[in-house]
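Trainee: First the structure, then my questions, so here it is.
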Amino acid sequence: MGKIRAATEWFAGCAGCHMSLLDLDEWLFELAKVVDIVYSPIADVKEYPEGVDVALVEGAVTTDEQVEKARVIRERTGVLIAFGDCAV
């Protein structure tokens with residue numbers, strides 16, 4: 001079995017949830033053994049890819065562009081997780 005294809009996105013908010021994720025420090029090295037980040041604001045990827053296994057989305061959806069992006073993420077992702085208070 002290959003690595004899990006994961007993505008993250010943040011909409012309107014402070015990006016605090018992404019900072020908390022990065023605060024996992026050394027554990028991120030263990031995570032990298034089983035997960036490939038295929039899309040994220042902290043990666044240089046311009047278009048959300050097809051076939052994402054799991055996505056973490058933080059922040060409130062506040063614009064029409066974000067609504068469309070959320071729809072694309074939902075269509076191309078197996079498991080979508082609202083990540084943090086603003087997303088919930």
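Each chain in the structure tokens gets a letter, A, B, ..., in the order shown, and its residues are numbered from 1; ligands are numbered from 1 in order too.
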Quick one: everything within 6 Å of Phe11 in chain A, counting only C-alpha atoms, minus sequence neighbours fewer than 2 positions away in the same chain. Send it as a list in words.

Mentor: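 Non-adjacent residues within range: Gly59, Ala60 and Val61 of chain A.
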
Trainee: Residues within 8 Å of range 64-76 of chain A, please, as a PyMOL selection string. Count only C-alpha atoms; anything in the same chain fewer than 3 positions from it doesn't count.

Mentor: chain A and resi 11+48-52+55+61+80

Trainee: What are the DSSP helix (DSSP H, G or I) residues of chain A, as number ranges by chain?

Mentor: A: 16-22, 27-32, 64-76

Trainee: Give me, please, the distance in Å between CA of Gly13 in chain A and CA of Ala87 in chain A, quoted to one decimal.

Mentor: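 So the answer is 8.9 Å.
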
Trainee: Quick one: DSSP strand (DSSP E or B) residues in chain A, as a PyMOL selection string?

Mentor: chain A and resi 4-10+12+35-39+52-58+60+77-82

Trainee: Counting only C-alpha atoms, which residue out of A:Leu31, A:Ala6, A:Met19, A:Val57 sits closest to Asp85 in chain A?

Mentor: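 Using only C-alpha atoms, Asp85 in chain A sits closest to A:Val57.
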
Trainee: Quick one, how far is CA of Ser20 in chain A from CA of Thr8 in chain A?

Mentor: 12.8 Å

Trainee: So that I can see what lies close to Gly84 in chain A, please list as a VMD selection string the residues with an atom at most 10 Å from it, counting only C-alpha atoms and leaving out residues fewer than 2 positions away in the same chain.

Mentor: chain A and resid 15 to 18 56 to 60 81 to 82 86 to 88
